[in-house]
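Report on one structure; see the data block that follows.
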Amino acid sequence: MTVASIELPEPSQAVLRSARALQRRQERKDSQKFLVEGRQAVREALRLPGVVEAVYFRWDAAIDNSDLLDLAKAAGVTYYGVSEQNLATMTDTVTPQGVVAVANAIDVPLKAVLGKTTKNVEKPKKKHRRKDVSLVVICAQVRDPGNAGTVIRCADAFGADAVILSSDSVEVYNPKTVRASVGSIFHLPIVVGVDLTEAIEACRAAGMQIFATDGAAGTDLTDLDADLEKPTAWVMGNESWGLPVEHLALADHTVAVPIYGQAESLNLATAAAVCLYASASAQRASS
């Protein structure tokens, strides 16, 4: 089958079933694969060697996505043409962009991110890992996939070195989390399934101070001054109830983002953006 001058092979029913199955969490866990939706996210995934297994193009969107097809060919990635109906079985978006990829899991071990690799620890696959880790985000009991994905995007935007998701946070490969990151999931190391206390203590052992966000109490973000210049791990709690008391106690500072208007609180991802911007700006100014 062809669209204009573009030839695209059709996948077998077995291949389609395998891709569709990745809508299920258990299948993603067992196969260590996940779905990537949308032009930008697929493009960023294709730029990482060995990450993308296959790309599916909707027939009527093939020409508009010819640049992605060229990337797939250059990377030696398998590609297919599928109908709108078949593509819809791989995505839960209302207005899909006509391209979906199957990618291999990209999370990395906590020790590798913090620079304490051993012979038995896999090194990060990402290109953007820094020698000296100075800014990390820890998502603690963050259950909303949109918030988690947006926090990853904010971390990427403000130059964070890694994002760590606690074991009781949302799955990073949830399609909504991946989609909300808009490709940023492929730009910096992601650590998943870590005990929150372990993550905090590991960051502290790596020379970082621990700041925990707490809208009800703590130090005002604008009062931190020189503290923001230091290597920092920001701990962001659940969207509804924040951080447990026992984990707040592990922080060097509990930090509140000041609100000058009438809004009662900030969305988790918005608070993360404000805090990460403050740290990144202070660290850049002091370097």
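Starting from 1 in every chain, residues are counted up; chains themselves are A, B, ... following the order of the structure tokens, and ligands are numbered from 1 as listed.
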
*Mind checking which residues fall within 8 Å of Gln40 of chain A, counting only C-alpha atoms, ignoring those fewer than 2 positions away in the same chain, and posting them as an MDAnalysis selection string?*
chainID A and resid 38 42:44 182:183

*Which polymer residues have any atom within 6 Å of an atom of segment 52-65 of chain A, counting only C-alpha atoms, with same-chain residues fewer than 4 positions away left out, as an NGL selection string?*
:A and (46 or 77-84 or 98-103)

Excluding Phe186 of chain A and residues on its chain fewer than 2 positions from it, collect all residues at most 12 Å away from it, counting only C-alpha atoms, and give them as a compact mmCIF listing (two decimals) with all heavy atoms, in the first residue's frame.
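File written: part16.txt
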```
# COMPACT_ATOMS: atom_id res chain seq x y z
N VAL A 36 4.77 5.31 22.65
CA VAL A 36 5.11 6.74 22.56
C VAL A 36 4.21 7.36 21.50
O VAL A 36 4.23 6.93 20.34
CB VAL A 36 6.59 6.93 22.17
CG1 VAL A 36 6.94 8.42 22.16
CG2 VAL A 36 7.50 6.15 23.10
N GLN A 40 6.43 14.99 18.41
CA GLN A 40 7.61 15.43 19.15
C GLN A 40 8.20 14.30 19.99
O GLN A 40 9.41 14.10 20.01
CB GLN A 40 7.28 16.63 20.03
CG GLN A 40 8.49 17.17 20.78
CD GLN A 40 8.21 18.50 21.48
OE1 GLN A 40 7.29 19.22 21.12
NE2 GLN A 40 8.98 18.81 22.50
N ALA A 41 7.34 13.57 20.68
CA ALA A 41 7.83 12.49 21.53
C ALA A 41 8.50 11.39 20.71
O ALA A 41 9.55 10.88 21.09
CB ALA A 41 6.69 11.92 22.36
N VAL A 42 7.89 11.02 19.58
CA VAL A 42 8.47 9.99 18.72
C VAL A 42 9.81 10.47 18.15
O VAL A 42 10.78 9.71 18.08
CB VAL A 42 7.50 9.61 17.58
CG1 VAL A 42 8.19 8.70 16.57
CG2 VAL A 42 6.26 8.92 18.15
N ARG A 43 9.87 11.73 17.76
CA ARG A 43 11.14 12.27 17.23
C ARG A 43 12.25 12.18 18.27
O ARG A 43 13.37 11.75 17.97
CB ARG A 43 10.95 13.73 16.81
CG ARG A 43 12.22 14.35 16.21
CD ARG A 43 12.01 15.76 15.74
NE ARG A 43 11.70 16.65 16.84
CZ ARG A 43 10.54 17.28 17.00
NH1 ARG A 43 9.58 17.11 16.11
NH2 ARG A 43 10.35 18.08 18.04
N GLU A 44 11.95 12.58 19.52
CA GLU A 44 12.98 12.54 20.56
C GLU A 44 13.39 11.10 20.88
O GLU A 44 14.56 10.83 21.16
CB GLU A 44 12.48 13.25 21.82
CG GLU A 44 12.14 14.71 21.62
CD GLU A 44 13.24 15.47 20.89
OE1 GLU A 44 14.37 15.50 21.41
OE2 GLU A 44 12.98 16.01 19.80
N ALA A 45 12.44 10.19 20.84
CA ALA A 45 12.76 8.78 21.09
C ALA A 45 13.67 8.24 19.99
O ALA A 45 14.62 7.49 20.26
CB ALA A 45 11.48 7.97 21.17
N LEU A 46 13.40 8.61 18.74
CA LEU A 46 14.20 8.12 17.62
C LEU A 46 15.64 8.63 17.67
O LEU A 46 16.54 8.03 17.09
CB LEU A 46 13.56 8.54 16.29
CG LEU A 46 12.34 7.73 15.85
CD1 LEU A 46 11.63 8.42 14.70
CD2 LEU A 46 12.77 6.31 15.44
N ARG A 47 15.86 9.73 18.36
CA ARG A 47 17.21 10.29 18.44
C ARG A 47 18.10 9.55 19.42
O ARG A 47 19.31 9.78 19.46
CB ARG A 47 17.12 11.77 18.83
CG ARG A 47 16.59 12.64 17.70
CD ARG A 47 16.41 14.08 18.12
NE ARG A 47 16.07 14.92 16.98
CZ ARG A 47 15.65 16.18 17.06
NH1 ARG A 47 15.53 16.75 18.26
NH2 ARG A 47 15.37 16.87 15.98
N LEU A 48 17.50 8.65 20.22
CA LEU A 48 18.29 7.84 21.16
C LEU A 48 18.51 6.46 20.56
O LEU A 48 17.56 5.71 20.32
CB LEU A 48 17.55 7.71 22.50
CG LEU A 48 17.51 8.95 23.38
CD1 LEU A 48 16.69 8.66 24.63
CD2 LEU A 48 18.90 9.41 23.75
N PRO A 49 19.75 6.10 20.28
CA PRO A 49 20.03 4.80 19.65
C PRO A 49 19.48 3.63 20.46
O PRO A 49 19.63 3.57 21.68
CB PRO A 49 21.57 4.77 19.61
CG PRO A 49 21.99 6.20 19.66
CD PRO A 49 20.97 6.89 20.53
N VAL A 51 16.48 2.74 21.28
CA VAL A 51 15.30 2.89 22.13
C VAL A 51 14.03 2.47 21.40
O VAL A 51 13.19 1.76 21.94
CB VAL A 51 15.17 4.34 22.64
CG1 VAL A 51 13.81 4.57 23.29
CG2 VAL A 51 16.28 4.63 23.64
N VAL A 52 13.85 2.92 20.16
CA VAL A 52 12.61 2.65 19.42
C VAL A 52 12.70 1.31 18.70
O VAL A 52 13.68 1.03 18.01
CB VAL A 52 12.31 3.77 18.41
CG1 VAL A 52 11.05 3.44 17.60
CG2 VAL A 52 12.13 5.10 19.15
N ALA A 103 8.63 1.60 22.16
CA ALA A 103 9.99 1.86 22.65
C ALA A 103 10.36 0.91 23.77
O ALA A 103 9.49 0.37 24.46
CB ALA A 103 10.10 3.31 23.13
N ASN A 104 11.64 0.71 23.94
CA ASN A 104 12.16 -0.10 25.04
C ASN A 104 12.29 0.75 26.30
O ASN A 104 12.54 1.96 26.23
CB ASN A 104 13.54 -0.67 24.66
CG ASN A 104 13.47 -1.61 23.49
OD1 ASN A 104 12.71 -2.58 23.50
ND2 ASN A 104 14.26 -1.34 22.46
N ALA A 105 12.11 0.14 27.45
CA ALA A 105 12.21 0.84 28.72
C ALA A 105 13.55 1.56 28.83
O ALA A 105 14.58 1.05 28.39
CB ALA A 105 12.05 -0.14 29.88
N ILE A 106 13.53 2.76 29.42
CA ILE A 106 14.72 3.61 29.45
C ILE A 106 15.14 4.01 30.86
O ILE A 106 16.06 4.81 31.03
CB ILE A 106 14.50 4.88 28.61
CG1 ILE A 106 13.24 5.61 29.09
CG2 ILE A 106 14.40 4.56 27.13
CD1 ILE A 106 13.01 6.95 28.47
N ASP A 107 14.44 3.52 31.89
CA ASP A 107 14.79 3.93 33.25
C ASP A 107 16.17 3.37 33.62
O ASP A 107 16.64 2.38 33.06
CB ASP A 107 13.74 3.46 34.25
CG ASP A 107 13.43 1.98 34.14
OD1 ASP A 107 12.62 1.63 33.26
OD2 ASP A 107 14.00 1.18 34.91
N VAL A 108 16.81 4.05 34.57
CA VAL A 108 18.17 3.69 34.96
C VAL A 108 18.25 3.52 36.47
O VAL A 108 17.39 4.03 37.21
CB VAL A 108 19.19 4.77 34.50
CG1 VAL A 108 19.21 4.88 33.00
CG2 VAL A 108 18.86 6.12 35.13
N PRO A 124 23.65 4.76 32.63
CA PRO A 124 22.53 5.42 31.97
C PRO A 124 22.67 5.38 30.46
O PRO A 124 23.77 5.49 29.93
CB PRO A 124 22.61 6.86 32.49
CG PRO A 124 23.33 6.76 33.78
CD PRO A 124 24.31 5.65 33.61
N LYS A 125 21.55 5.25 29.77
CA LYS A 125 21.56 5.22 28.31
C LYS A 125 21.43 6.62 27.71
O LYS A 125 21.60 6.82 26.52
CB LYS A 125 20.40 4.36 27.80
CG LYS A 125 20.42 2.94 28.31
CD LYS A 125 19.16 2.21 27.91
CE LYS A 125 19.12 0.82 28.52
NZ LYS A 125 17.86 0.11 28.22
N LYS A 126 21.11 7.59 28.55
CA LYS A 126 20.88 8.94 28.06
C LYS A 126 22.21 9.66 27.80
O LYS A 126 23.23 9.38 28.40
CB LYS A 126 20.06 9.75 29.07
CG LYS A 126 18.87 9.00 29.62
CD LYS A 126 17.70 9.08 28.67
CE LYS A 126 16.53 8.26 29.19
NZ LYS A 126 16.09 8.59 30.51
N LYS A 127 22.17 10.66 26.95
CA LYS A 127 23.36 11.41 26.59
C LYS A 127 23.62 12.58 27.53
O LYS A 127 24.70 13.16 27.49
CB LYS A 127 23.23 11.95 25.16
CG LYS A 127 23.13 10.87 24.09
CD LYS A 127 23.00 11.51 22.73
CE LYS A 127 22.93 10.47 21.62
NZ LYS A 127 22.78 11.08 20.29
N HIS A 128 22.63 12.96 28.32
CA HIS A 128 22.71 14.22 29.02
C HIS A 128 23.10 14.08 30.50
O HIS A 128 22.95 15.01 31.27
CB HIS A 128 21.38 14.97 28.92
CG HIS A 128 21.01 15.25 27.49
ND1 HIS A 128 21.49 16.34 26.81
CD2 HIS A 128 20.24 14.57 26.61
CE1 HIS A 128 21.01 16.33 25.58
NE2 HIS A 128 20.27 15.28 25.44
N ARG A 129 23.58 12.92 30.89
CA ARG A 129 24.01 12.73 32.27
C ARG A 129 25.25 13.57 32.55
O ARG A 129 26.21 13.57 31.78
CB ARG A 129 24.31 11.27 32.55
CG ARG A 129 24.81 10.98 33.96
CD ARG A 129 24.96 9.48 34.15
NE ARG A 129 25.56 9.20 35.43
CZ ARG A 129 26.87 9.04 35.60
NH1 ARG A 129 27.68 9.17 34.59
NH2 ARG A 129 27.36 8.76 36.79
N GLY A 149 4.16 13.52 34.32
CA GLY A 149 4.76 13.82 33.03
C GLY A 149 5.17 15.28 32.91
O GLY A 149 6.22 15.61 32.34
N ILE A 152 8.35 15.97 34.83
CA ILE A 152 9.50 15.54 34.02
C ILE A 152 9.83 16.59 32.97
O ILE A 152 11.00 16.93 32.75
CB ILE A 152 9.22 14.18 33.36
CG1 ILE A 152 9.14 13.08 34.41
CG2 ILE A 152 10.28 13.83 32.31
CD1 ILE A 152 8.65 11.74 33.90
N ARG A 153 8.82 17.14 32.35
CA ARG A 153 9.03 18.19 31.34
C ARG A 153 9.65 19.44 31.97
O ARG A 153 10.56 20.05 31.39
CB ARG A 153 7.70 18.54 30.67
CG ARG A 153 7.82 19.46 29.48
CD ARG A 153 6.46 19.72 28.87
NE ARG A 153 6.55 20.54 27.68
CZ ARG A 153 5.50 21.02 27.02
NH1 ARG A 153 4.27 20.73 27.45
NH2 ARG A 153 5.66 21.76 25.94
N ALA A 155 11.48 19.51 34.73
CA ALA A 155 12.84 19.15 35.10
C ALA A 155 13.77 19.27 33.89
O ALA A 155 14.90 19.77 34.00
CB ALA A 155 12.88 17.73 35.67
N ASP A 156 13.29 18.83 32.76
CA ASP A 156 14.06 18.94 31.53
C ASP A 156 14.27 20.41 31.16
O ASP A 156 15.38 20.83 30.82
CB ASP A 156 13.29 18.20 30.42
CG ASP A 156 13.99 18.25 29.07
OD1 ASP A 156 15.22 18.46 29.03
OD2 ASP A 156 13.30 18.08 28.05
N ALA A 162 18.17 14.64 36.84
CA ALA A 162 17.42 13.39 36.87
C ALA A 162 16.07 13.61 37.54
O ALA A 162 15.88 14.58 38.28
CB ALA A 162 18.20 12.31 37.63
N VAL A 163 15.15 12.69 37.27
CA VAL A 163 13.87 12.62 37.98
C VAL A 163 13.76 11.23 38.60
O VAL A 163 14.02 10.23 37.92
CB VAL A 163 12.68 12.87 37.05
CG1 VAL A 163 11.36 12.66 37.79
CG2 VAL A 163 12.74 14.28 36.47
N VAL A 172 5.85 5.41 35.21
CA VAL A 172 6.39 6.38 34.28
C VAL A 172 6.01 6.06 32.84
O VAL A 172 5.93 6.95 31.98
CB VAL A 172 7.92 6.50 34.42
CG1 VAL A 172 8.62 5.28 33.86
CG2 VAL A 172 8.44 7.77 33.75
N TYR A 173 5.73 4.78 32.53
CA TYR A 173 5.40 4.38 31.16
C TYR A 173 3.90 4.38 30.89
O TYR A 173 3.47 3.94 29.82
CB TYR A 173 6.01 3.02 30.85
CG TYR A 173 7.52 3.03 30.97
CD1 TYR A 173 8.18 2.14 31.82
CD2 TYR A 173 8.28 3.97 30.27
CE1 TYR A 173 9.56 2.17 31.94
CE2 TYR A 173 9.65 4.01 30.40
CZ TYR A 173 10.29 3.11 31.23
OH TYR A 173 11.65 3.15 31.36
N VAL A 178 3.81 9.55 29.67
CA VAL A 178 4.72 9.72 28.53
C VAL A 178 4.27 10.89 27.68
O VAL A 178 5.07 11.74 27.27
CB VAL A 178 4.78 8.43 27.70
CG1 VAL A 178 5.67 8.63 26.47
CG2 VAL A 178 5.30 7.27 28.54
N ARG A 179 2.96 10.97 27.42
CA ARG A 179 2.44 12.04 26.56
C ARG A 179 2.62 13.40 27.21
O ARG A 179 2.99 14.37 26.54
CB ARG A 179 0.96 11.77 26.27
CG ARG A 179 0.37 12.65 25.21
CD ARG A 179 -0.94 12.08 24.68
NE ARG A 179 -1.95 11.89 25.69
CZ ARG A 179 -2.39 10.70 26.09
NH1 ARG A 179 -1.91 9.59 25.57
NH2 ARG A 179 -3.33 10.60 27.02
N SER A 181 4.92 14.37 29.16
CA SER A 181 6.33 14.78 29.16
C SER A 181 6.74 15.39 27.83
O SER A 181 7.76 16.07 27.74
CB SER A 181 7.24 13.59 29.48
OG SER A 181 7.47 12.79 28.34
N VAL A 182 5.96 15.16 26.78
CA VAL A 182 6.19 15.71 25.43
C VAL A 182 7.64 15.49 24.98
O VAL A 182 8.30 16.40 24.50
CB VAL A 182 5.82 17.22 25.36
CG1 VAL A 182 5.65 17.65 23.91
CG2 VAL A 182 4.54 17.51 26.13
N GLY A 183 8.13 14.29 25.17
CA GLY A 183 9.47 13.95 24.71
C GLY A 183 10.56 14.14 25.74
O GLY A 183 11.68 13.63 25.57
N SER A 184 10.29 14.86 26.84
CA SER A 184 11.33 15.13 27.83
C SER A 184 11.78 13.87 28.55
O SER A 184 12.88 13.82 29.11
CB SER A 184 10.83 16.16 28.85
OG SER A 184 10.79 17.45 28.27
N LEU A 188 16.53 13.13 29.93
CA LEU A 188 17.27 13.06 31.18
C LEU A 188 17.00 11.73 31.86
O LEU A 188 15.98 11.09 31.58
CB LEU A 188 16.91 14.22 32.11
CG LEU A 188 15.56 14.25 32.82
CD1 LEU A 188 15.54 15.37 33.86
CD2 LEU A 188 14.40 14.48 31.86
N PRO A 189 17.90 11.28 32.72
CA PRO A 189 17.72 9.98 33.37
C PRO A 189 16.46 9.94 34.24
O PRO A 189 16.17 10.88 34.98
CB PRO A 189 18.98 9.83 34.22
CG PRO A 189 19.99 10.70 33.56
CD PRO A 189 19.22 11.86 33.05
N ILE A 190 15.74 8.83 34.15
CA ILE A 190 14.55 8.60 34.96
C ILE A 190 14.78 7.35 35.81
O ILE A 190 15.16 6.30 35.30
CB ILE A 190 13.30 8.37 34.07
CG1 ILE A 190 13.13 9.49 33.03
CG2 ILE A 190 12.06 8.22 34.94
CD1 ILE A 190 12.79 10.84 33.62
```

*asked:* Applying 10 Å and only C-alpha atoms, which residues near segment 245-255 of chain A remain after dropping the ones on its own chain fewer than 2 positions away? List them as number ranges by chain.
replied: A: 140, 196-197, 200-201, 204, 208-224, 227, 233-235, 237, 242-243, 257-258, 275

Take the residues just selected and output them with N, CA, C and O atoms as a CSV table (one decimal), in the first residue's frame.
```
chain,number,residue,atom,x,y,z
A,140,ALA,N,7.2,11.9,45.1
A,140,ALA,CA,6.9,11.0,46.2
A,140,ALA,C,5.4,10.8,46.2
A,140,ALA,O,4.6,11.8,46.4
A,196,LEU,N,11.2,5.9,49.0
A,196,LEU,CA,11.4,7.3,49.2
A,196,LEU,C,12.5,7.6,50.1
A,196,LEU,O,13.3,8.5,49.8
A,197,THR,N,12.6,6.9,51.2
A,197,THR,CA,13.6,7.2,52.2
A,197,THR,C,15.0,6.9,51.6
A,197,THR,O,16.0,7.6,51.8
A,200,ILE,N,16.0,9.7,49.2
A,200,ILE,CA,16.4,10.9,49.9
A,200,ILE,C,17.8,10.8,50.5
A,200,ILE,O,18.7,11.6,50.3
A,201,GLU,N,18.1,9.6,51.1
A,201,GLU,CA,19.4,9.4,51.8
A,201,GLU,C,20.5,9.3,50.7
A,201,GLU,O,21.6,9.7,50.9
A,204,ARG,N,21.3,12.7,49.6
A,204,ARG,CA,22.1,13.4,50.6
A,204,ARG,C,23.5,12.9,50.6
A,204,ARG,O,24.5,13.7,50.8
A,208,MET,N,23.9,16.4,48.1
A,208,MET,CA,22.8,17.3,47.9
A,208,MET,C,22.0,17.6,49.2
A,208,MET,O,21.9,16.8,50.0
A,209,GLN,N,21.6,18.9,49.3
A,209,GLN,CA,20.6,19.2,50.3
A,209,GLN,C,19.2,18.8,49.9
A,209,GLN,O,19.0,18.6,48.7
A,210,ILE,N,18.4,18.5,50.8
A,210,ILE,CA,17.0,18.0,50.6
A,210,ILE,C,16.0,19.1,50.9
A,210,ILE,O,15.9,19.5,52.0
A,211,PHE,N,15.3,19.6,49.9
A,211,PHE,CA,14.2,20.5,50.1
A,211,PHE,C,12.9,19.8,49.8
A,211,PHE,O,12.7,19.2,48.7
A,212,ALA,N,11.9,19.9,50.7
A,212,ALA,CA,10.6,19.3,50.5
A,212,ALA,C,9.6,20.4,50.4
A,212,ALA,O,9.6,21.3,51.2
A,213,THR,N,8.7,20.3,49.4
A,213,THR,CA,7.7,21.3,49.3
A,213,THR,C,6.5,21.0,50.2
A,213,THR,O,6.1,19.9,50.4
A,214,ASP,N,6.1,22.0,50.9
A,214,ASP,CA,5.0,21.9,51.9
A,214,ASP,C,4.2,23.2,51.9
A,214,ASP,O,4.7,24.2,52.5
A,215,GLY,N,3.1,23.3,51.3
A,215,GLY,CA,2.4,24.6,51.2
A,215,GLY,C,1.8,25.1,52.5
A,215,GLY,O,1.6,26.3,52.7
A,216,ALA,N,1.7,24.2,53.5
A,216,ALA,CA,1.2,24.6,54.8
A,216,ALA,C,2.2,25.2,55.8
A,216,ALA,O,1.8,25.9,56.8
A,217,ALA,N,3.5,25.0,55.5
A,217,ALA,CA,4.4,25.4,56.5
A,217,ALA,C,5.8,25.5,55.9
A,217,ALA,O,5.9,25.3,54.7
A,218,GLY,N,6.8,25.8,56.7
A,218,GLY,CA,8.2,25.7,56.2
A,218,GLY,C,8.7,27.1,55.8
A,218,GLY,O,8.1,28.1,56.0
A,219,THR,N,9.8,27.1,55.1
A,219,THR,CA,10.5,28.3,54.7
A,219,THR,C,9.9,28.8,53.4
A,219,THR,O,9.7,28.0,52.5
A,220,ASP,N,9.7,30.1,53.3
A,220,ASP,CA,9.3,30.7,52.0
A,220,ASP,C,10.4,30.6,51.0
A,220,ASP,O,11.5,30.8,51.3
A,221,LEU,N,10.0,30.2,49.8
A,221,LEU,CA,11.0,30.0,48.7
A,221,LEU,C,11.8,31.2,48.5
A,221,LEU,O,13.0,31.1,48.3
A,222,THR,N,11.2,32.4,48.7
A,222,THR,CA,11.9,33.6,48.4
A,222,THR,C,12.9,34.0,49.5
A,222,THR,O,13.7,34.9,49.4
A,223,ASP,N,12.9,33.2,50.6
A,223,ASP,CA,13.8,33.5,51.7
A,223,ASP,C,15.0,32.5,51.8
A,223,ASP,O,15.8,32.6,52.7
A,224,LEU,N,15.2,31.7,50.8
A,224,LEU,CA,16.2,30.7,50.8
A,224,LEU,C,17.6,31.3,50.5
A,224,LEU,O,18.6,30.8,50.9
A,227,ASP,N,21.1,29.4,49.8
A,227,ASP,CA,20.8,28.0,49.8
A,227,ASP,C,20.5,27.4,48.5
A,227,ASP,O,20.8,26.3,48.2
A,233,ALA,N,18.2,18.4,45.9
A,233,ALA,CA,17.1,17.4,45.5
A,233,ALA,C,15.8,17.9,46.1
A,233,ALA,O,15.6,18.1,47.3
A,234,TRP,N,14.9,18.2,45.2
A,234,TRP,CA,13.5,18.7,45.5
A,234,TRP,C,12.6,17.5,45.6
A,234,TRP,O,12.5,16.7,44.7
A,235,VAL,N,11.9,17.4,46.8
A,235,VAL,CA,11.0,16.3,47.0
A,235,VAL,C,9.6,16.8,46.8
A,235,VAL,O,9.2,17.7,47.6
A,237,GLY,N,5.5,16.1,46.8
A,237,GLY,CA,4.6,15.1,47.3
A,237,GLY,C,3.3,15.0,46.5
A,237,GLY,O,3.1,15.6,45.5
A,242,GLY,N,0.1,16.0,49.9
A,242,GLY,CA,1.5,16.4,50.1
A,242,GLY,C,2.4,15.2,50.6
A,242,GLY,O,2.1,14.0,50.2
A,243,LEU,N,3.4,15.5,51.4
A,243,LEU,CA,4.3,14.5,51.9
A,243,LEU,C,3.9,14.0,53.3
A,243,LEU,O,3.5,14.8,54.1
A,257,VAL,N,5.9,27.7,48.4
A,257,VAL,CA,5.9,28.6,47.3
A,257,VAL,C,4.9,29.7,47.7
A,257,VAL,O,3.8,29.5,47.9
A,258,PRO,N,5.4,31.0,47.7
A,258,PRO,CA,4.5,32.1,48.1
A,258,PRO,C,3.4,32.3,47.1
A,258,PRO,O,3.6,32.2,45.9
A,275,CYS,N,9.9,26.0,41.7
A,275,CYS,CA,11.0,25.6,42.6
A,275,CYS,C,12.3,25.3,41.7
A,275,CYS,O,13.4,25.7,42.0
```

*Could you please write out, as an MDAnalysis selection string, every residue of segment 66-235 of chain A that DSSP assigns to strand (DSSP E or B)?*
chainID A and resid 78:82 99:104 135:139 162:166 190:194 209:213 219:220 232:235

Would you write out those residues with C-alpha atoms, as a PDB file, in the first residue's frame?
```pdb
ATOM      1  CA  THR A  78      11.102  -1.000  11.671  1.00  0.00           C
ATOM      2  CA  TYR A  79       8.176   1.087  10.378  1.00  0.00           C
ATOM      3  CA  TYR A  80       4.628   0.346   9.248  1.00  0.00           C
ATOM      4  CA  GLY A  81       1.594   1.968   7.706  1.00  0.00           C
ATOM      5  CA  VAL A  82      -1.754   1.378   9.457  1.00  0.00           C
ATOM      6  CA  VAL A  99       2.188   8.371  14.613  1.00  0.00           C
ATOM      7  CA  VAL A 100       2.884   5.955  17.488  1.00  0.00           C
ATOM      8  CA  ALA A 101       6.128   4.208  18.400  1.00  0.00           C
ATOM      9  CA  VAL A 102       6.951   1.148  20.465  1.00  0.00           C
ATOM     10  CA  ALA A 103       9.987   1.860  22.647  1.00  0.00           C
ATOM     11  CA  ASN A 104      12.163  -0.102  25.036  1.00  0.00           C
ATOM     12  CA  LEU A 135      19.606  19.323  40.651  1.00  0.00           C
ATOM     13  CA  VAL A 136      17.282  16.344  41.096  1.00  0.00           C
ATOM     14  CA  VAL A 137      13.510  15.969  41.445  1.00  0.00           C
ATOM     15  CA  ILE A 138      12.011  13.211  43.595  1.00  0.00           C
ATOM     16  CA  CYS A 139       8.319  12.513  42.973  1.00  0.00           C
ATOM     17  CA  ALA A 162      17.416  13.386  36.874  1.00  0.00           C
ATOM     18  CA  VAL A 163      13.871  12.618  37.983  1.00  0.00           C
ATOM     19  CA  ILE A 164      13.263   9.929  40.600  1.00  0.00           C
ATOM     20  CA  LEU A 165       9.809   8.374  41.059  1.00  0.00           C
ATOM     21  CA  SER A 166       9.103   6.594  44.323  1.00  0.00           C
ATOM     22  CA  ILE A 190      14.545   8.598  34.957  1.00  0.00           C
ATOM     23  CA  VAL A 191      14.720   6.379  38.045  1.00  0.00           C
ATOM     24  CA  VAL A 192      11.622   4.396  39.016  1.00  0.00           C
ATOM     25  CA  GLY A 193      10.412   2.131  41.801  1.00  0.00           C
ATOM     26  CA  VAL A 194      12.667   3.507  44.544  1.00  0.00           C
ATOM     27  CA  GLN A 209      20.633  19.208  50.337  1.00  0.00           C
ATOM     28  CA  ILE A 210      17.020  18.029  50.551  1.00  0.00           C
ATOM     29  CA  PHE A 211      14.175  20.505  50.058  1.00  0.00           C
ATOM     30  CA  ALA A 212      10.621  19.256  50.502  1.00  0.00           C
ATOM     31  CA  THR A 213       7.668  21.298  49.283  1.00  0.00           C
ATOM     32  CA  THR A 219      10.528  28.322  54.712  1.00  0.00           C
ATOM     33  CA  ASP A 220       9.260  30.703  52.047  1.00  0.00           C
ATOM     34  CA  THR A 232      19.596  20.273  45.672  1.00  0.00           C
ATOM     35  CA  ALA A 233      17.128  17.415  45.544  1.00  0.00           C
ATOM     36  CA  TRP A 234      13.528  18.678  45.516  1.00  0.00           C
ATOM     37  CA  VAL A 235      10.962  16.275  46.979  1.00  0.00           C
TER      38      VAL A 235
END
```

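Each of A:Gln85, A:Gln97, A:Thr150, A:Gln26 was checked against Ala272 of chain A using only C-alpha atoms; the smallest atom-to-atom distance is that of A:Thr150.
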
*asked:* Need to verify the contact set: Gly146 of chain A, 7 Å, only C-alpha atoms, exclusion of same-chain residues closer than 6 positions in sequence. Can you return it as a PyMOL selection string?
replied: chain A and resi 176-177+180

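Nearest residue to Leu266 of chain A, choosing from A:Ser240, A:Gln141, A:Ala157, A:Arg25 and counting only C-alpha atoms: A:Ser240.
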
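Distances here use only C-alpha atoms; by that measure, the residue among A:Pro231, A:Ala72, A:Cys154, A:Ala148 closest to Leu114 of chain A is A:Pro231.
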